[in-house]
2 protein chains.
Amino acid sequence: MTHALTIEPIGVIRSPLRSAAEAPRQGREARIEGVLEIEERYRDACVGLKPGQNIVILYWMHLGERDRLQVHPRGDRSRPLRGVFSTRSPHRPNPIAIENVEILAVEGTNIAVRGLDAFDGTPLLDVKCEY
Amino acid sequence: MTHALTIEPIGVIRSPLRSAAEAPRQGREARIEGVLEIEERYRDACVGLKPGQNIVILYWMHLGERDRLQVHPRGDRSRPLRGVFSTRSPHRPNPIAIENVEILAVEGTNIAVRGLDAFDGTPLLDVKCEY
C-alpha cells in the first residue's frame with residue numbers, strides 16, 4: 001500500500017449552487033458563473049491568467065462518499081451498478097473533480113469564471129491552462 | 001486558510017520512463033504504453049473498465065517542486081516567467097497531473113494503457129471515464 005499524500009487547497013470556489021438539487025448533471029453543459037478565491041500567498045502563481053482564457057480546475061468534491069466503490073450511472077437505479085473508476089461519480093476514493101471553465105475577469109487572486117458546477121465553499125486544488 | 005486534505009493513492013503507474021530526459025513534453029502526443037497497477041482493495045471500483053475505452057487518469061507528480069510559483073514556459077529561459085496556474089508545469093502547490101489514455105487490456109486490477117507520460121512508480125490518484 002502506498003503512503004498517504006497531503007493536499008493543501010489553494011483557495012475556495014464561490015458559486016450560487018448550494019445543494020445537489022440545484023447542481024447540473026454534467027459540468028460541460030453548465031454555464032454557471034462564480035469566483036475562484038485563491039489565497040493571497042499564491043498571488044505570484046496567478047501571473048498570466050487573463051479574461052477569455054479557458055482553464056482547467058481541479059477541486060475536492062467534499063460531499064463525495066470515499067468508501068463507495070460502485071454506483072448506478074447518473075443515479076439511475078434501473079441501470080446496473082458500475083465501478084466508480086468507469087464513471088464520473090463524485091463518490092470515489094479520492095473525490096477530485098476536473099472542470100473546464102472560462103475566465104471572465106481577474107482581480108488580484110480572485111478569478112471570475114463561467115462553466116462551474118461546484119457547490120459554494122468547495123476546496124480548490126489547482127488551476128491549469130488548457131492544452 | 002483552508003485545512004489540509006489527505007489522499008491515499010489507489011495504485012501506482014508502471015511505465016518505461018525512468019527520468020525527465022526521457023519524458024515527452026506533452027502527454028497528448030505520447031503513445032507510451034504502461035500499466036495502472038490498482039490496489040486489490042479497489043477491485044469493485046474497476047468493474048466496467050474495458051479495452052478500447054478512453055479514460056482520464058489523475059496522478060501525483062512526485063518530482064514536482066511544490067514551492068515553485070513561477071516557471072519559464074516549457075523550461076525555455078528566453079520566455080518570461082509565468083505563474084504556474086497559467087501553465088501545465090509539474091511544479092505547482094498540488095502537483096496533480098491529468099492525462100487521457102486508452103485502455104489496451106484489463107487483467108483484474110491491472111489496466112494496460114497507451115498514452116502515458118508518467119514516470120515509473122508514479123502514485124495513481126484516480127481513474128474516470130471520459131465525457
# chains A, B, ... in the order shown; residues from 1 in each chain; ligands from 1
call {"tool": "interface_residues", "arguments": {"of": "chain A", "to": "chain B", "cutoff": "6 Å", "atoms": "only C-alpha atoms", "output": "PyMOL selection string"}}
result
chain A and resi 4-8+44-49+69-70+82-88+127-129
call {"tool": "residues_around", "arguments": {"residues": "A:Ile111", "least_positions_apart": "6", "cutoff": "8 Å", "atoms": "only C-alpha atoms", "output": "JSON, numbers by chain"}}
result
{"A": [35, 36, 37, 38, 103, 104, 105]}
call {"tool": "write_last_selection", "arguments": {"atoms": "N, CA and C atoms", "output": "compact mmCIF listing (two decimals), in the first residue's frame"}}
result
# COMPACT_ATOMS: atom_id res chain seq x y z
N VAL A 35 -16.68 32.47 -8.61
CA VAL A 35 -15.36 33.06 -8.41
C VAL A 35 -14.43 32.05 -7.75
N LEU A 36 -13.22 31.94 -8.31
CA LEU A 36 -12.16 31.17 -7.67
C LEU A 36 -11.43 32.11 -6.73
N GLU A 37 -11.62 31.93 -5.44
CA GLU A 37 -10.93 32.78 -4.46
C GLU A 37 -9.63 32.10 -4.06
N ILE A 38 -8.56 32.51 -4.74
CA ILE A 38 -7.26 31.89 -4.48
C ILE A 38 -6.59 32.63 -3.32
N ILE A 103 -12.31 32.09 -18.10
CA ILE A 103 -12.06 33.24 -17.23
C ILE A 103 -12.85 34.44 -17.74
N LEU A 104 -13.62 35.05 -16.85
CA LEU A 104 -14.37 36.26 -17.19
C LEU A 104 -13.63 37.52 -16.74
N ALA A 105 -13.00 37.46 -15.58
CA ALA A 105 -12.31 38.63 -15.04
C ALA A 105 -11.29 38.17 -14.01
call {"tool": "closest_atom_pairs", "arguments": {"of": "stretch 47-128 of chain B", "to": "stretch 16-20 of chain B", "cutoff": "8 Å", "atoms": "only C-alpha atoms", "output": "CSV"}}
result
residue,atom,partner,partner_atom,distance
B:Asp117,CA,B:Leu17,CA,7.4
B:Ala118,CA,B:Leu17,CA,7.0
B:Phe119,CA,B:Leu17,CA,4.9
B:Asp120,CA,B:Leu17,CA,5.8
call {"tool": "atom_distance", "arguments": {"atom1": "atom CA of B:Arg66", "atom2": "atom CA of B:Ile32"}}
result
26.2 Å
call {"tool": "select_by_dssp", "arguments": {"residues": "chain A", "states": "strand (DSSP E)", "output": "PyMOL selection string"}}
result
chain A and resi 5-7+11-14+32-38+54-60+70-71+82-83+96-107+110-116+122-129
call {"tool": "atom_distance", "arguments": {"atom1": "atom CA of A:Arg31", "atom2": "atom CA of A:Tyr59"}}
result
17.3 Å
call {"tool": "closest_residue", "arguments": {"among": "A:Leu63, A:Val101, A:Arg74, A:Pro90", "to": "A:Arg114", "atoms": "only C-alpha atoms"}}
result
A:Val101
